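Written out below as structure tokens is the structure these notes cover.
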Amino acid sequence: MIVLGIETSCDECSAAVVRDGHEIMSNVIATQIELHKPYQGVVPELASRLHTEWIQQVVEAALRQAGITNKELDAVAVTSRPGLLGSLLVGVSFAKCYASALGIPFIGIDHIRAHLYASQIETPLEYPYLGVLVSGGHTVICRVDDYDRVDVLGTTIDDAIGEAFDKVAKFYDLGFPGGVVIDRLSKSGDPTAFLFPGPSLGEEHRYDMSYSGLKTAVINQKDRFRKEGAEDTPENIAASFQRQAVGILMKRVRLALEDTGLKRVSAGGGVAANSLLRAELKELEKSGYTVTFPSLKLCTDNGAMVAGLGYRYLKDGITSDSHLSASARVTAFKKN
């Protein structure tokens, strides 16, 4: 079965064609980064307007690269939640009309589940496993029992990890997107130059995270935490901040693995491309855990993960009707 996947939840306009859930025939991503750079962040109105202008061209490019016509499609899958509402509505409206015109099923996909599924396209991992979703909008640790059975164990109580990266980068005028810039600067910085604090949340938040305090320390109080003799350079600030940000997450990941007894871990989302996080997750393999994460192109928002997950729903006979609309909020998960 061949599924067209469409992703417009934020600032990436993407379409992909995937066969049988794992063969990526094409994955076109039209990025808006350069157009949002002057604002050092995503402007929702601008993002949705650009999706409206680009989406048809992106879909046509995906079909051309796949070497097929739209008559060969078996279904259209599209991200319908969560994300920027205006951007989501562009994708959902287009996908519904496109599928209706072709007389094929339409499938609404949850963005979080798609990111958690992304690594399965390239490296299938046996269920259950511990899912780690890290991005600009989400920071979630969850138990994944199947492609559509996800129970949240912990999440951020304030800023998402990627949001903290972006805000620190914006304050110091390092560039946009912040995660990419800070990761690059960190490679030539001293991660112990600033000993930034981590959160103390209490046992009721055993697997939860907080990045607001760390962000405040880096932006407003950094001199309090500078090691004697350490240089106050962008590289040292970036390396020290990244070390603590990843450390906060990894502490909760290790706790969740110990408590649940799960032996497999899969990460997804834009921050899963971070070099330090990938290295820390790989270290778990020395303790007997199996670890997977997507290739760098599948960490960012992309249509392939949407199409891959759409195939699983289609295979199980699960489709959406024309009444489905976009939702900006997370509605599909429960927290244990």
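Please note that chains go A, B, ... in the order of the structure tokens, that every chain numbers its residues from 1, and that ligands are numbered from 1 in the order shown.
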Residue set, segment 127-323 of chain A restricted to helix (DSSP H, G or I), as a PyMOL selection string:
chain A and resi 161-171+178-186+203-205+212-220+222-225+234-260+270-273+275-287+296-299+303-315
Which residues are near Ile237 of chain A? Cut-off 8 Å, only C-alpha atoms, ignore same chain within fewer than 6 positions. Put them as an MDAnalysis selection string.
chainID A and resid 189 191 193:194 218
Could the residues in this selection be written to a file with C-alpha atoms, as a PDB file, in the first residue's frame?
```pdb
ATOM      1  CA  GLY A 189      33.027  24.989  24.581  1.00  0.00           C
ATOM      2  CA  PRO A 191      30.553  22.104  29.520  1.00  0.00           C
ATOM      3  CA  ALA A 193      32.446  26.449  32.721  1.00  0.00           C
ATOM      4  CA  PHE A 194      29.023  27.243  34.189  1.00  0.00           C
ATOM      5  CA  VAL A 218      21.359  30.962  31.911  1.00  0.00           C
TER       6      VAL A 218
END
```
Non-local contacts of Glu228 of chain A (12 Å; only C-alpha atoms; under 4 positions in same chain excluded) as a tab-separated table (two decimals) with C-alpha atoms, in the first residue's frame:
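Output (part-v5.tsv):
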```
chain	number	residue	atom	x	y	z
A	192	THR	CA	31.76	22.70	33.10
A	193	ALA	CA	32.45	26.45	32.72
A	194	PHE	CA	29.02	27.24	34.19
A	195	LEU	CA	27.45	24.88	36.70
A	223	ASP	CA	27.56	34.86	36.59
A	224	ARG	CA	26.36	33.22	39.81
A	232	ASP	CA	32.45	34.00	29.59
```
With only C-alpha atoms as the counted atoms, please give the residues lying no more than 7 Å from segment 135-138 of chain A, apart from itself and same-chain residues fewer than 2 positions off, as a short mmCIF file (atom, residue, chain, number, x, y, z; two decimals) with N, CA and C atoms, in the first residue's frame.
```
data_model
loop_
_atom_site.label_atom_id
_atom_site.label_comp_id
_atom_site.auth_asym_id
_atom_site.auth_seq_id
_atom_site.Cartn_x
_atom_site.Cartn_y
_atom_site.Cartn_z
N LEU A 133 10.09 11.81 23.43
CA LEU A 133 9.79 12.82 22.42
C LEU A 133 10.31 14.17 22.88
N VAL A 140 8.36 14.73 26.32
CA VAL A 140 7.51 13.67 26.86
C VAL A 140 8.31 12.38 27.01
N ALA A 160 9.23 23.41 26.97
CA ALA A 160 9.78 22.22 26.34
C ALA A 160 11.29 22.41 26.19
N ILE A 161 12.02 21.31 26.06
CA ILE A 161 13.47 21.40 25.97
C ILE A 161 13.91 22.22 24.75
N GLY A 162 13.26 22.00 23.62
CA GLY A 162 13.61 22.75 22.41
C GLY A 162 13.29 24.22 22.54
N GLU A 163 12.20 24.53 23.26
CA GLU A 163 11.83 25.92 23.51
C GLU A 163 12.90 26.62 24.34
N GLY A 269 11.68 13.49 17.46
CA GLY A 269 11.51 14.93 17.57
C GLY A 269 12.78 15.67 17.20
N GLY A 270 12.66 16.96 16.98
CA GLY A 270 13.78 17.75 16.50
C GLY A 270 15.01 17.71 17.39
N VAL A 271 14.81 17.69 18.72
CA VAL A 271 15.95 17.69 19.65
C VAL A 271 16.62 16.32 19.68
#
```
Going by DSSP on the backbone, which residues of segment 16-208 of chain A come out as strand (DSSP E)? List them as a PyMOL selection string.
chain A and resi 16-19+23-31+75-81+106-110+129-134+139-146+149-155
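When the distance limit is 9 Å and only C-alpha atoms are what count, the residues near Gly67 of chain A, minus those fewer than 5 positions from it on the same chain, are Met25, Ser26 and Ala62 of chain A.
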Contact table segment 112-229 of chain A vs segment 72-80 of chain A, cut-off 12 Å, shortest pair per residue, only C-alpha atoms, as JSON lines:
```
{"residue": "A:Ile112", "atom": "CA", "partner": "A:Thr79", "partner_atom": "CA", "distance": 9.5}
{"residue": "A:Arg113", "atom": "CA", "partner": "A:Thr79", "partner_atom": "CA", "distance": 10.0}
{"residue": "A:Ala114", "atom": "CA", "partner": "A:Thr79", "partner_atom": "CA", "distance": 8.4}
{"residue": "A:His115", "atom": "CA", "partner": "A:Thr79", "partner_atom": "CA", "distance": 10.8}
```
Could you list, as a PyMOL selection string, every residue within 10 Å of Gln120 of chain A, counting only C-alpha atoms and ignoring same-chain residues fewer than 2 positions away?
chain A and resi 21-22+114-118+122-126+147+266+292-294+305+308-309
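Nearest to Ala30 of chain A of all the residues A:Leu281, A:Val17, A:Val59, A:Ala239 is A:Val59, based on only C-alpha atoms.
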I want to know what sits within 9 Å of Leu89 of chain A, based on only C-alpha atoms, with residues of the same chain fewer than 4 positions away left out; could you give that as a ChimeraX atom specification?
/A:8-9,48,80,84-85,93-94,325-327
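The gap separating atom CA of Lys167 of chain A from atom CA of Phe196 of chain A is 15.8 Å, in Å to one decimal.
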With only C-alpha atoms as the atoms that count, which of A:Ser87, A:Ser119, A:Thr155, A:Ser322 lies nearest to Leu46 of chain A?
A:Ser87
Which residues of segment 221-244 of chain A have any atom within 8 Å of an atom in segment 171-184 of chain A when counting only C-alpha atoms, and what is the closest pair of atoms for each, with the distance in Å to one decimal? Order the rows by chain and rising number and write it as JSON lines.
```
{"residue": "A:Pro234", "atom": "CA", "partner": "A:Tyr172", "partner_atom": "CA", "distance": 7.9}
{"residue": "A:Glu235", "atom": "CA", "partner": "A:Ile182", "partner_atom": "CA", "distance": 8.0}
{"residue": "A:Ala238", "atom": "CA", "partner": "A:Ile182", "partner_atom": "CA", "distance": 5.3}
{"residue": "A:Ala239", "atom": "CA", "partner": "A:Ile182", "partner_atom": "CA", "distance": 7.4}
{"residue": "A:Gln242", "atom": "CA", "partner": "A:Ile182", "partner_atom": "CA", "distance": 7.4}
```
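Considering the residues A:Glu280, A:Asp166, A:Asp321, A:Asp158 and counting only C-alpha atoms, Ile219 of chain A has its shortest atom-to-atom contact with A:Asp166.
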